[in-house]
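Undergrad: Got query.pdb for you, PDB, C-alpha atoms and all ligand atoms:
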ATOM      1  CA  MET N   1     -26.013 -13.696  -0.350
ATOM      2  CA  LYS N   2     -22.944 -11.921  -1.713
ATOM      3  CA  ARG N   3     -19.759 -13.094  -0.059
ATOM      4  CA  PHE N   4     -16.366 -11.372  -0.175
ATOM      5  CA  LEU N   5     -13.040 -12.564   1.085
ATOM      6  CA  VAL N   6      -9.525 -11.358   1.804
ATOM      7  CA  ILE N   7      -6.934 -14.083   1.295
ATOM      8  CA  GLY N   8      -3.372 -14.063   2.572
ATOM      9  CA  ASN N   9      -0.937 -15.714   4.934
ATOM     10  CA  PRO N  10      -0.807 -14.584   7.700
ATOM     11  CA  ILE N  11      -4.276 -13.031   7.724
ATOM     12  CA  GLU N  12      -5.301 -12.950  11.401
ATOM     13  CA  HIS N  13      -4.545  -9.259  11.800
ATOM     14  CA  SER N  14      -6.351  -8.048   8.678
ATOM     15  CA  LEU N  15      -8.841  -5.269   9.367
ATOM     16  CA  SER N  16     -10.434  -5.564   5.917
ATOM     17  CA  PRO N  17     -13.461  -7.603   7.130
ATOM     18  CA  LYS N  18     -14.204  -5.053   9.845
ATOM     19  CA  LEU N  19     -13.977  -2.189   7.366
ATOM     20  CA  HIS N  20     -15.924  -3.694   4.456
ATOM     21  CA  ASN N  21     -18.683  -5.104   6.704
ATOM     22  CA  TYR N  22     -19.023  -1.632   8.232
ATOM     23  CA  TRP N  23     -19.434  -0.090   4.771
ATOM     24  CA  PHE N  24     -21.875  -2.819   3.647
ATOM     25  CA  LYS N  25     -24.036  -1.934   6.620
ATOM     26  CA  LYS N  26     -23.636   1.804   6.175
ATOM     27  CA  TYR N  27     -24.629   1.672   2.503
ATOM     28  CA  ASN N  28     -27.504  -0.678   3.220
ATOM     29  CA  LEU N  29     -26.085  -3.550   1.199
ATOM     30  CA  LYS N  30     -28.096  -6.267   2.844
ATOM     31  CA  ASN N  31     -26.923  -9.846   2.441
ATOM     32  CA  TYR N  32     -23.340  -8.747   1.768
ATOM     33  CA  SER N  33     -20.659 -10.194   3.995
ATOM     34  CA  TYR N  34     -16.854 -10.146   4.085
ATOM     35  CA  GLU N  35     -14.509 -12.622   5.751
ATOM     36  CA  LYS N  36     -10.808 -13.397   5.938
ATOM     37  CA  ARG N  37      -9.274 -16.711   4.983
ATOM     38  CA  LYS N  38      -5.743 -17.948   5.514
ATOM     39  CA  ILE N  39      -4.668 -19.969   2.509
ATOM     40  CA  THR N  40      -1.597 -21.608   1.064
ATOM     41  CA  GLU N  41      -0.503 -21.324  -2.542
ATOM     42  CA  LYS N  42      -2.151 -24.591  -3.535
ATOM     43  CA  ASP N  43      -5.570 -23.178  -2.483
ATOM     44  CA  LEU N  44      -5.397 -20.244  -4.902
ATOM     45  CA  LYS N  45      -7.086 -21.963  -7.846
ATOM     46  CA  ASP N  46      -9.955 -23.271  -5.684
ATOM     47  CA  VAL N  47     -10.616 -19.822  -4.212
ATOM     48  CA  ILE N  48     -10.752 -18.234  -7.655
ATOM     49  CA  ASP N  49     -13.074 -21.059  -8.755
ATOM     50  CA  GLU N  50     -15.428 -19.996  -5.960
ATOM     51  CA  LEU N  51     -15.631 -16.640  -7.701
ATOM     52  CA  ARG N  52     -16.167 -18.353 -11.058
ATOM     53  CA  ASN N  53     -19.098 -20.372  -9.731
ATOM     54  CA  ASN N  54     -20.603 -17.397  -7.856
ATOM     55  CA  SER N  55     -19.987 -18.751  -4.360
ATOM     56  CA  LEU N  56     -17.950 -15.574  -3.939
ATOM     57  CA  SER N  57     -18.560 -12.077  -5.370
ATOM     58  CA  GLY N  58     -15.144 -10.482  -4.854
ATOM     59  CA  ILE N  59     -11.717 -11.108  -3.375
ATOM     60  CA  ASN N  60      -8.955  -9.007  -1.856
ATOM     61  CA  VAL N  61      -5.473 -10.435  -2.011
ATOM     62  CA  THR N  62      -2.682  -9.669   0.378
ATOM     63  CA  VAL N  63       0.866 -10.829   1.136
ATOM     64  CA  PRO N  64       2.269 -13.137  -0.212
ATOM     65  CA  PHE N  65      -0.138 -13.812  -3.098
ATOM     66  CA  LYS N  66      -0.413 -10.513  -4.977
ATOM     67  CA  LYS N  67       1.825 -11.721  -7.765
ATOM     68  CA  LYS N  68       0.989 -15.435  -7.682
ATOM     69  CA  VAL N  69      -2.729 -14.795  -8.141
ATOM     70  CA  MET N  70      -2.193 -13.044 -11.473
ATOM     71  CA  SER N  71      -1.986 -16.271 -13.466
ATOM     72  CA  PHE N  72      -5.499 -17.266 -12.275
ATOM     73  CA  CYS N  73      -7.076 -14.080 -13.650
ATOM     74  CA  ASP N  74      -8.523 -13.881 -17.181
ATOM     75  CA  ARG N  75      -7.772 -10.176 -17.463
ATOM     76  CA  LEU N  76      -5.748  -7.567 -15.617
ATOM     77  CA  ASP N  77      -6.456  -3.877 -15.338
ATOM     78  CA  LYS N  78      -3.710  -1.616 -16.620
ATOM     79  CA  THR N  79      -2.203  -0.815 -13.220
ATOM     80  CA  ALA N  80      -2.160  -4.473 -12.120
ATOM     81  CA  GLU N  81      -0.511  -5.411 -15.392
ATOM     82  CA  ASP N  82       1.967  -2.605 -15.106
ATOM     83  CA  LEU N  83       2.865  -3.277 -11.474
ATOM     84  CA  GLN N  84       2.540  -7.070 -11.739
ATOM     85  CA  SER N  85       0.520  -7.022  -8.548
ATOM     86  CA  VAL N  86      -3.173  -7.774  -7.898
ATOM     87  CA  ASN N  87      -4.918  -6.874  -4.646
ATOM     88  CA  THR N  88      -8.555  -6.925  -5.798
ATOM     89  CA  ILE N  89     -10.471  -9.432  -7.924
ATOM     90  CA  SER N  90     -13.917  -9.098  -9.458
ATOM     91  CA  LYS N  91     -15.957 -10.921 -12.088
ATOM     92  CA  LYS N  92     -17.546  -9.331 -15.123
ATOM     93  CA  ASP N  93     -19.120 -11.063 -18.114
ATOM     94  CA  ASN N  94     -17.882 -14.354 -16.677
ATOM     95  CA  LYS N  95     -14.290 -13.135 -16.752
ATOM     96  CA  ILE N  96     -12.105 -12.962 -13.649
ATOM     97  CA  ILE N  97     -10.496  -9.530 -13.520
ATOM     98  CA  GLY N  98      -7.439  -8.669 -11.407
ATOM     99  CA  TRP N  99      -7.038  -5.071 -10.251
ATOM    100  CA  ASN N 100      -4.463  -3.087  -8.339
ATOM    101  CA  THR N 101      -5.925  -0.413  -6.042
ATOM    102  CA  ASP N 102      -2.767  -0.073  -3.895
ATOM    103  CA  SER N 103      -1.274   2.583  -6.144
ATOM    104  CA  LEU N 104      -4.340   4.834  -5.931
ATOM    105  CA  GLY N 105      -4.578   3.970  -2.236
ATOM    106  CA  PHE N 106      -1.052   5.212  -1.688
ATOM    107  CA  GLN N 107      -1.937   8.487  -3.382
ATOM    108  CA  ASP N 108      -4.537   8.967  -0.617
ATOM    109  CA  CYS N 109      -1.575   9.103   1.815
ATOM    110  CA  LEU N 110      -0.425  12.163  -0.100
ATOM    111  CA  LYS N 111      -3.789  13.930  -0.127
ATOM    112  CA  ASN N 112      -2.730  16.703   2.253
ATOM    113  CA  LEU N 113       0.482  17.450   0.411
ATOM    114  CA  THR N 114       0.711  20.608  -1.621
ATOM    115  CA  GLU N 115       1.690  21.525  -5.150
ATOM    116  CA  SER N 116       5.185  22.493  -3.972
ATOM    117  CA  ASP N 117       5.682  19.036  -2.399
ATOM    118  CA  LYS N 118       5.769  17.649  -5.947
ATOM    119  CA  ASN N 119       9.158  19.248  -6.376
ATOM    120  CA  LYS N 120      10.609  17.638  -3.250
ATOM    121  CA  SER N 121      13.078  14.805  -3.677
ATOM    122  CA  VAL N 122      11.809  11.541  -2.242
ATOM    123  CA  PHE N 123      13.882   8.883  -0.473
ATOM    124  CA  VAL N 124      12.158   5.495  -0.694
ATOM    125  CA  LEU N 125      13.368   2.680   1.566
ATOM    126  CA  GLY N 126      12.609  -0.881   0.481
ATOM    127  CA  ALA N 127      11.936  -2.717  -2.757
ATOM    128  CA  GLY N 128       9.397  -5.333  -1.668
ATOM    129  CA  GLY N 129       5.987  -6.157  -3.116
ATOM    130  CA  VAL N 130       4.344  -2.872  -2.157
ATOM    131  CA  THR N 131       7.164  -0.585  -3.284
ATOM    132  CA  ALA N 132       6.115  -0.664  -6.947
ATOM    133  CA  SER N 133       2.678   0.683  -5.939
ATOM    134  CA  VAL N 134       4.376   3.444  -3.956
ATOM    135  CA  LEU N 135       6.605   4.408  -6.897
ATOM    136  CA  ASP N 136       3.587   4.339  -9.214
ATOM    137  CA  GLY N 137       1.638   6.473  -6.723
ATOM    138  CA  LEU N 138       4.526   8.967  -6.548
ATOM    139  CA  TRP N 139       4.592   9.129 -10.319
ATOM    140  CA  GLY N 140       0.821   9.772 -10.288
ATOM    141  CA  PHE N 141       1.314  12.473  -7.674
ATOM    142  CA  GLY N 142       3.920  14.216  -9.783
ATOM    143  CA  SER N 143       7.137  13.577  -7.861
ATOM    144  CA  LYS N 144      10.245  14.049  -9.897
ATOM    145  CA  GLN N 145      13.451  12.920  -8.202
ATOM    146  CA  ILE N 146      13.384   9.565  -6.382
ATOM    147  CA  TYR N 147      16.217   7.924  -4.439
ATOM    148  CA  LEU N 148      15.616   4.219  -3.893
ATOM    149  CA  SER N 149      17.451   2.041  -1.393
ATOM    150  CA  ASN N 150      17.012  -1.588  -0.434
ATOM    151  CA  ARG N 151      18.970  -4.076   1.634
ATOM    152  CA  SER N 152      19.169  -6.354  -1.422
ATOM    153  CA  MET N 153      20.431  -3.960  -4.025
ATOM    154  CA  GLU N 154      19.399  -6.075  -7.023
ATOM    155  CA  LYS N 155      15.706  -5.665  -6.123
ATOM    156  CA  ALA N 156      16.119  -1.881  -6.133
ATOM    157  CA  GLU N 157      17.876  -2.084  -9.506
ATOM    158  CA  GLU N 158      15.037  -4.237 -10.899
ATOM    159  CA  LEU N 159      12.441  -1.695  -9.819
ATOM    160  CA  LYS N 160      14.456   1.129 -11.290
ATOM    161  CA  LYS N 161      14.605  -0.767 -14.579
ATOM    162  CA  HIS N 162      10.899  -1.519 -14.464
ATOM    163  CA  PHE N 163      10.040   2.153 -14.049
ATOM    164  CA  LYS N 164      12.565   3.618 -16.446
ATOM    165  CA  GLU N 165       9.963   4.500 -19.093
ATOM    166  CA  LYS N 166       7.666   6.288 -16.637
ATOM    167  CA  PHE N 167      10.192   7.679 -14.233
ATOM    168  CA  ASN N 168      13.661   8.367 -15.502
ATOM    169  CA  LYS N 169      14.676  10.019 -12.274
ATOM    170  CA  ILE N 170      15.072   7.002  -9.991
ATOM    171  CA  GLN N 171      18.533   6.771  -8.514
ATOM    172  CA  THR N 172      19.543   3.765  -6.404
ATOM    173  CA  ILE N 173      21.490   4.208  -3.170
ATOM    174  CA  ASP N 174      23.387   1.515  -1.243
ATOM    175  CA  TRP N 175      21.577   0.306   1.868
ATOM    176  CA  GLY N 176      22.707   2.262   4.909
ATOM    177  CA  LYS N 177      23.690   5.295   2.845
ATOM    178  CA  LYS N 178      21.607   8.396   2.295
ATOM    179  CA  PRO N 179      21.324  10.717  -0.702
ATOM    180  CA  ALA N 180      23.795  13.592  -0.641
ATOM    181  CA  GLU N 181      20.909  16.038  -0.533
ATOM    182  CA  ILE N 182      18.409  16.123   2.310
ATOM    183  CA  CYS N 183      15.146  14.897   0.790
ATOM    184  CA  GLY N 184      11.809  16.539   1.499
ATOM    185  CA  ILE N 185       9.959  13.240   1.756
ATOM    186  CA  VAL N 186      11.175   9.911   3.229
ATOM    187  CA  ILE N 187       9.059   6.775   2.850
ATOM    188  CA  ASN N 188       9.524   3.436   4.611
ATOM    189  CA  THR N 189       8.093   0.613   2.511
ATOM    190  CA  THR N 190      10.108  -2.127   4.245
ATOM    191  CA  SER N 191       8.540  -4.501   6.725
ATOM    192  CA  VAL N 192      10.795  -3.118   9.470
ATOM    193  CA  GLY N 193       8.348  -1.659  11.965
ATOM    194  CA  LEU N 194       5.719  -4.380  11.746
ATOM    195  CA  GLN N 195       6.866  -5.405  15.214
ATOM    196  CA  LYS N 196       6.688  -2.493  17.625
ATOM    197  CA  ASP N 197      10.357  -2.738  18.647
ATOM    198  CA  ASP N 198      11.697  -2.908  15.070
ATOM    199  CA  LYS N 199      14.097  -0.161  14.147
ATOM    200  CA  LEU N 200      15.720   0.596  10.817
ATOM    201  CA  ASP N 201      19.495   0.703  10.918
ATOM    202  CA  ILE N 202      19.575   4.111   9.229
ATOM    203  CA  ASN N 203      19.311   7.251  11.315
ATOM    204  CA  PHE N 204      17.901  10.477  10.018
ATOM    205  CA  ASN N 205      19.212  12.771  12.720
ATOM    206  CA  GLU N 206      19.996  15.557  10.299
ATOM    207  CA  TYR N 207      16.398  15.448   9.031
ATOM    208  CA  GLY N 208      14.504  17.597  11.452
ATOM    209  CA  GLY N 209      12.328  20.654  11.507
ATOM    210  CA  THR N 210      13.766  21.639  14.858
ATOM    211  CA  ASN N 211      17.296  20.400  14.348
ATOM    212  CA  ALA N 212      19.913  23.107  14.022
ATOM    213  CA  ASN N 213      21.944  20.901  11.686
ATOM    214  CA  ASN N 214      19.167  20.971   9.184
ATOM    215  CA  LEU N 215      20.209  23.911   7.072
ATOM    216  CA  ALA N 216      16.963  23.859   5.115
ATOM    217  CA  GLY N 217      15.318  24.515   8.457
ATOM    218  CA  ASN N 218      11.911  23.246   7.461
ATOM    219  CA  LYS N 219       9.935  20.167   8.266
ATOM    220  CA  LYS N 220      10.369  17.003   6.262
ATOM    221  CA  ILE N 221       7.585  14.560   5.565
ATOM    222  CA  PHE N 222       8.051  10.994   6.855
ATOM    223  CA  ILE N 223       5.678   8.301   5.613
ATOM    224  CA  ASP N 224       5.432   4.709   6.830
ATOM    225  CA  LEU N 225       3.032   2.254   5.230
ATOM    226  CA  ILE N 226       2.529   0.396   8.496
ATOM    227  CA  TYR N 227      -0.806   1.434   9.948
ATOM    228  CA  ASN N 228      -1.527  -0.466  13.120
ATOM    229  CA  HIS N 229       0.876   1.428  15.386
ATOM    230  CA  LYS N 230       3.271   4.365  15.311
ATOM    231  CA  THR N 231       6.601   2.899  14.192
ATOM    232  CA  ASN N 232       9.966   3.951  15.619
ATOM    233  CA  PHE N 233      10.680   5.449  12.189
ATOM    234  CA  LEU N 234       7.725   7.837  12.546
ATOM    235  CA  ARG N 235       8.132   8.322  16.287
ATOM    236  CA  ASP N 236      11.757   9.486  15.887
ATOM    237  CA  ALA N 237      10.916  11.693  12.905
ATOM    238  CA  GLU N 238       8.108  13.344  14.859
ATOM    239  CA  LYS N 239      10.387  13.969  17.834
ATOM    240  CA  ARG N 240      12.699  15.879  15.515
ATOM    241  CA  GLY N 241       9.786  18.096  14.502
ATOM    242  CA  ASN N 242       8.882  16.550  11.152
ATOM    243  CA  LEU N 243       5.457  15.830   9.719
ATOM    244  CA  ILE N 244       4.471  12.172   9.816
ATOM    245  CA  ILE N 245       1.943  10.135   7.840
ATOM    246  CA  ASP N 246       1.158   6.499   8.598
ATOM    247  CA  GLY N 247      -0.325   3.842   6.324
ATOM    248  CA  LYS N 248      -3.963   4.244   7.402
ATOM    249  CA  ASP N 249      -4.879   6.353   4.394
ATOM    250  CA  MET N 250      -3.330   3.809   2.036
ATOM    251  CA  PHE N 251      -5.164   0.947   3.716
ATOM    252  CA  LEU N 252      -8.455   2.850   3.623
ATOM    253  CA  GLY N 253      -7.795   4.029   0.063
ATOM    254  CA  GLN N 254      -7.098   0.612  -1.422
ATOM    255  CA  ALA N 255     -10.206  -0.707   0.373
ATOM    256  CA  LYS N 256     -12.367   2.189  -0.819
ATOM    257  CA  TYR N 257     -11.419   1.640  -4.479
ATOM    258  CA  ALA N 258     -11.915  -2.135  -4.156
ATOM    259  CA  PHE N 259     -15.378  -1.487  -2.694
ATOM    260  CA  ASN N 260     -16.083   0.772  -5.655
ATOM    261  CA  ILE N 261     -15.115  -1.960  -8.131
ATOM    262  CA  TRP N 262     -17.545  -4.412  -6.482
ATOM    263  CA  THR N 263     -20.473  -2.125  -5.707
ATOM    264  CA  ASN N 264     -20.087   1.005  -7.856
ATOM    265  CA  LEU N 265     -20.224   3.006  -4.628
ATOM    266  CA  LEU N 266     -17.284   5.050  -3.383
ATOM    267  CA  PRO N 267     -17.523   4.952   0.413
ATOM    268  CA  LYS N 268     -16.762   8.029   2.415
ATOM    269  CA  VAL N 269     -13.739   7.900   4.681
ATOM    270  CA  ASP N 270     -14.744   9.930   7.729
ATOM    271  CA  GLN N 271     -13.524  10.120  11.310
ATOM    272  CA  GLU N 272     -15.707   7.173  12.278
ATOM    273  CA  THR N 273     -14.103   5.031   9.568
ATOM    274  CA  ILE N 274     -10.622   5.994  10.726
ATOM    275  CA  LYS N 275     -11.579   5.236  14.325
ATOM    276  CA  LEU N 276     -12.757   1.807  13.276
ATOM    277  CA  ILE N 277      -9.286   0.769  12.178
ATOM    278  CA  THR N 278      -7.374   2.602  14.908
ATOM    279  CA  ARG N 279      -6.375   0.376  17.799
TER
HETATM  280  P1  LIG N 301       7.680  -8.781  -0.382
HETATM  281  O1  LIG N 301       6.840  -7.552  -0.165
HETATM  282  O2  LIG N 301       8.328  -8.807  -1.719
HETATM  283  O3  LIG N 301       6.964 -10.050  -0.013
HETATM  284  P2  LIG N 301       8.833  -8.508   2.187
HETATM  285  O4  LIG N 301       9.378  -9.737   2.837
HETATM  286  O5  LIG N 301       7.505  -8.025   2.617
HETATM  287  O6  LIG N 301       8.905  -8.675   0.618
HETATM  288  O7  LIG N 301       9.907  -7.352   2.445
HETATM  289  C1  LIG N 301       9.589  -6.052   2.155
HETATM  290  C2  LIG N 301      10.818  -5.178   2.224
HETATM  291  O8  LIG N 301      11.329  -5.101   3.557
HETATM  292  C3  LIG N 301      11.972  -5.612   1.340
HETATM  293  O9  LIG N 301      12.428  -4.460   0.704
HETATM  294  C4  LIG N 301      12.987  -6.140   2.348
HETATM  295  O10 LIG N 301      14.332  -6.036   1.940
HETATM  296  P3  LIG N 301      15.036  -7.217   1.118
HETATM  297  O11 LIG N 301      14.534  -7.090  -0.282
HETATM  298  O12 LIG N 301      16.477  -6.939   1.217
HETATM  299  O13 LIG N 301      14.634  -8.488   1.784
HETATM  300  C5  LIG N 301      12.751  -5.218   3.486
HETATM  301  N1  LIG N 301      13.264  -5.704   4.767
HETATM  302  C6  LIG N 301      12.797  -6.718   5.502
HETATM  303  N2  LIG N 301      13.514  -6.835   6.645
HETATM  304  C7  LIG N 301      14.480  -5.878   6.598
HETATM  305  C8  LIG N 301      15.545  -5.478   7.493
HETATM  306  N3  LIG N 301      15.737  -6.088   8.665
HETATM  307  N4  LIG N 301      16.328  -4.446   7.137
HETATM  308  C9  LIG N 301      16.125  -3.804   5.966
HETATM  309  N5  LIG N 301      15.134  -4.122   5.080
HETATM  310  C10 LIG N 301      14.326  -5.149   5.400
END
When written as structure tokens, how does the structure in this file appear?

TA:
Amino acid sequence: MKRFLVIGNPIEHSLSPKLHNYWFKKYNLKNYSYEKRKITEKDLKDVIDELRNNSLSGINVTVPFKKKVMSFCDRLDKTAEDLQSVNTISKKDNKIIGWNTDSLGFQDCLKNLTESDKNKSVFVLGAGGVTASVLDGLWGFGSKQIYLSNRSMEKAEELKKHFKEKFNKIQTIDWGKKPAEICGIVINTTSVGLQKDDKLDINFNEYGGTNANNLAGNKKIFIDLIYNHKTNFLRDAEKRGNLIIDGKDMFLGQAKYAFNIWTNLLPKVDQETIKLITR
């Protein structure tokens, strides 16, 4: 039996077991199973030991342990090291390896964007755990100018500093303010929106494909990493005639690359897969 686990706190709402068990079945991986487990920080070592002694074959890590789990790994892949964030763990040659598949997963959110979208300025809201993966994904995509804003300014400044070698075009903006230029892409990486009624205290009224005030006159792209419902951020942007992208592709992407690390198979994300995680 090969057992896999996603660990986090809270974990009740995780759709990872549903998704990975579906792929195990689809790819005929008999005797593979995937569960979720709510843990506290003091359980981390014991869970990793289960991987060491082969009781487990792979682990996904979610909030709030992506950073804390790093010290229990023997090796980190380059992206995990770079972003100081691990969401996938495997074992090879008796070594525990921490990986980050969130960055590649985020790039899946951008899969329908075009070459010209690379030249669009991006306004990124938030500087929490996942924001580094988003900035790394944007760098991988080829974005050039980034405006970064967070309620706690020092976290935005830290991220800017962290990325200065890769991305010298990150400019921080005070929370509540917007860049002087109207950006082509706006991304919400904050947790505002997790609850259906949540609303960011920034309005983007001048950002609209159908809004006369928008001199550029074309649609903007609004992305929210939240995937289990349409957030007010996306709902409002859509009403103004913009294109919207939710976090489903990122969720599916990070899972797909984790699955690949464990099984060497890259599962196909088709309509049925998307339906599986759509409530
Ligand atoms: P982490 O991912 O590091 O665990 P988090 O609690 O998930 O952090 O928060 C993610 C992001 O949502 C952070 O950027 C956070 O802003 P702060 O760094 O200022 O805390 C942001 N966030 C949470 N609630 C918010 C709110 N009501 N308004 C604006 N930003 C908020």

Undergrad: Neighbouring residues of ligand LIG 301 (chain N) are defined here as those with any atom at most 6 Å from a ligand atom, counting all atoms listed in the file; list them as a PyMOL selection string.

TA: chain N and resi 64+126-130+150-152+190-192

Undergrad: Store the residues picked out above in a file with C-alpha atoms, as a short mmCIF file (atom, residue, chain, number, x, y, z; two decimals), keeping the file's coordinate frame.

TA:
data_model
loop_
_atom_site.label_atom_id
_atom_site.label_comp_id
_atom_site.auth_asym_id
_atom_site.auth_seq_id
_atom_site.Cartn_x
_atom_site.Cartn_y
_atom_site.Cartn_z
CA PRO N 64 2.27 -13.14 -0.21
CA GLY N 126 12.61 -0.88 0.48
CA ALA N 127 11.94 -2.72 -2.76
CA GLY N 128 9.40 -5.33 -1.67
CA GLY N 129 5.99 -6.16 -3.12
CA VAL N 130 4.34 -2.87 -2.16
CA ASN N 150 17.01 -1.59 -0.43
CA ARG N 151 18.97 -4.08 1.63
CA SER N 152 19.17 -6.35 -1.42
CA THR N 190 10.11 -2.13 4.24
CA SER N 191 8.54 -4.50 6.72
CA VAL N 192 10.80 -3.12 9.47
#

Undergrad: Using the chain letters and residue numbers of this document, give as a list in words the residues selected by the PyMOL selection byres (((chain N and resi 1) around 7) and not hetatm).

TA: Lys2, Arg3, Asn31 and Tyr32 of chain N

Undergrad: Got time to write the residues from that selection, C-alpha atoms, as a PDB file, in the coordinates of the input?

TA:
ATOM      1  CA  LYS N   2     -22.944 -11.921  -1.713  1.00  0.00           C
ATOM      2  CA  ARG N   3     -19.759 -13.094  -0.059  1.00  0.00           C
ATOM      3  CA  ASN N  31     -26.923  -9.846   2.441  1.00  0.00           C
ATOM      4  CA  TYR N  32     -23.340  -8.747   1.768  1.00  0.00           C
TER       5      TYR N  32
END

Undergrad: Translate the PyMOL selection byres (((chain N and resi 234-249) around 8) and not hetatm) into a concrete residue list for this structure, as a PyMOL selection string.

TA: chain N and resi 105-106+108-109+204-205+207-211+219-228+230-233+250-253+274+277

Undergrad: Report the residues retrieved by the PyMOL selection byres (((chain N and resi 158) around 12) and not hetatm) from the displayed file, expressed as a PDB file with C-alpha atoms, keeping the file's coordinate frame.

TA:
ATOM      1  CA  ALA N 127      11.936  -2.717  -2.757  1.00  0.00           C
ATOM      2  CA  GLY N 128       9.397  -5.333  -1.668  1.00  0.00           C
ATOM      3  CA  THR N 131       7.164  -0.585  -3.284  1.00  0.00           C
ATOM      4  CA  ALA N 132       6.115  -0.664  -6.947  1.00  0.00           C
ATOM      5  CA  LEU N 148      15.616   4.219  -3.893  1.00  0.00           C
ATOM      6  CA  SER N 149      17.451   2.041  -1.393  1.00  0.00           C
ATOM      7  CA  ASN N 150      17.012  -1.588  -0.434  1.00  0.00           C
ATOM      8  CA  SER N 152      19.169  -6.354  -1.422  1.00  0.00           C
ATOM      9  CA  MET N 153      20.431  -3.960  -4.025  1.00  0.00           C
ATOM     10  CA  GLU N 154      19.399  -6.075  -7.023  1.00  0.00           C
ATOM     11  CA  LYS N 155      15.706  -5.665  -6.123  1.00  0.00           C
ATOM     12  CA  ALA N 156      16.119  -1.881  -6.133  1.00  0.00           C
ATOM     13  CA  GLU N 157      17.876  -2.084  -9.506  1.00  0.00           C
ATOM     14  CA  LEU N 159      12.441  -1.695  -9.819  1.00  0.00           C
ATOM     15  CA  LYS N 160      14.456   1.129 -11.290  1.00  0.00           C
ATOM     16  CA  LYS N 161      14.605  -0.767 -14.579  1.00  0.00           C
ATOM     17  CA  HIS N 162      10.899  -1.519 -14.464  1.00  0.00           C
ATOM     18  CA  PHE N 163      10.040   2.153 -14.049  1.00  0.00           C
ATOM     19  CA  LYS N 164      12.565   3.618 -16.446  1.00  0.00           C
ATOM     20  CA  ILE N 170      15.072   7.002  -9.991  1.00  0.00           C
ATOM     21  CA  GLN N 171      18.533   6.771  -8.514  1.00  0.00           C
ATOM     22  CA  THR N 172      19.543   3.765  -6.404  1.00  0.00           C
TER      23      THR N 172
END

Undergrad: Which residues come within 7 Å of stretch 39-54 of chain N, counting all atoms listed in the file, excluding same-chain residues fewer than 3 positions away, as a list of chain:residue names?

TA: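 These residues fall inside the cut-off: N:Ile7, N:Gly8, N:Asn9, N:Ser57, N:Gly58, N:Val69, N:Phe72.
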
Undergrad: Residues as selected, C-alpha atoms, written as a compact mmCIF listing (two decimals), keeping the file's coordinate frame, can you do that?

TA:
# COMPACT_ATOMS: atom_id res chain seq x y z
CA ILE N 7 -6.93 -14.08 1.30
CA GLY N 8 -3.37 -14.06 2.57
CA ASN N 9 -0.94 -15.71 4.93
CA SER N 57 -18.56 -12.08 -5.37
CA GLY N 58 -15.14 -10.48 -4.85
CA VAL N 69 -2.73 -14.80 -8.14
CA PHE N 72 -5.50 -17.27 -12.28

Undergrad: Please provide the set of residues having any atom within 9 Å of N:His229, restricted to all atoms listed in the file, with same-chain residues fewer than 5 positions apart removed, written as a ChimeraX atom specification.

TA: /N:193-194,196,246,278-279

Undergrad: Go ahead and fit an axis-aligned box to every listed atom of stretch 256-270 of chain N plus 6 Å each side, and pass me the centre and edge lengths in Å, one decimal, as lines of an AutoDock Vina configuration file.

TA:
center_x = -15.9
center_y = 2.8
center_z = -0.2
size_x = 21.1
size_y = 26.3
size_z = 27.9

Undergrad: Smallest atom-to-atom distance to N:Glu35: which of N:Val6, N:Lys256, N:Tyr147, N:Leu56, using all atoms listed in the file?

TA: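 With all atoms listed in the file as the atom set, the closest residue is N:Val6.
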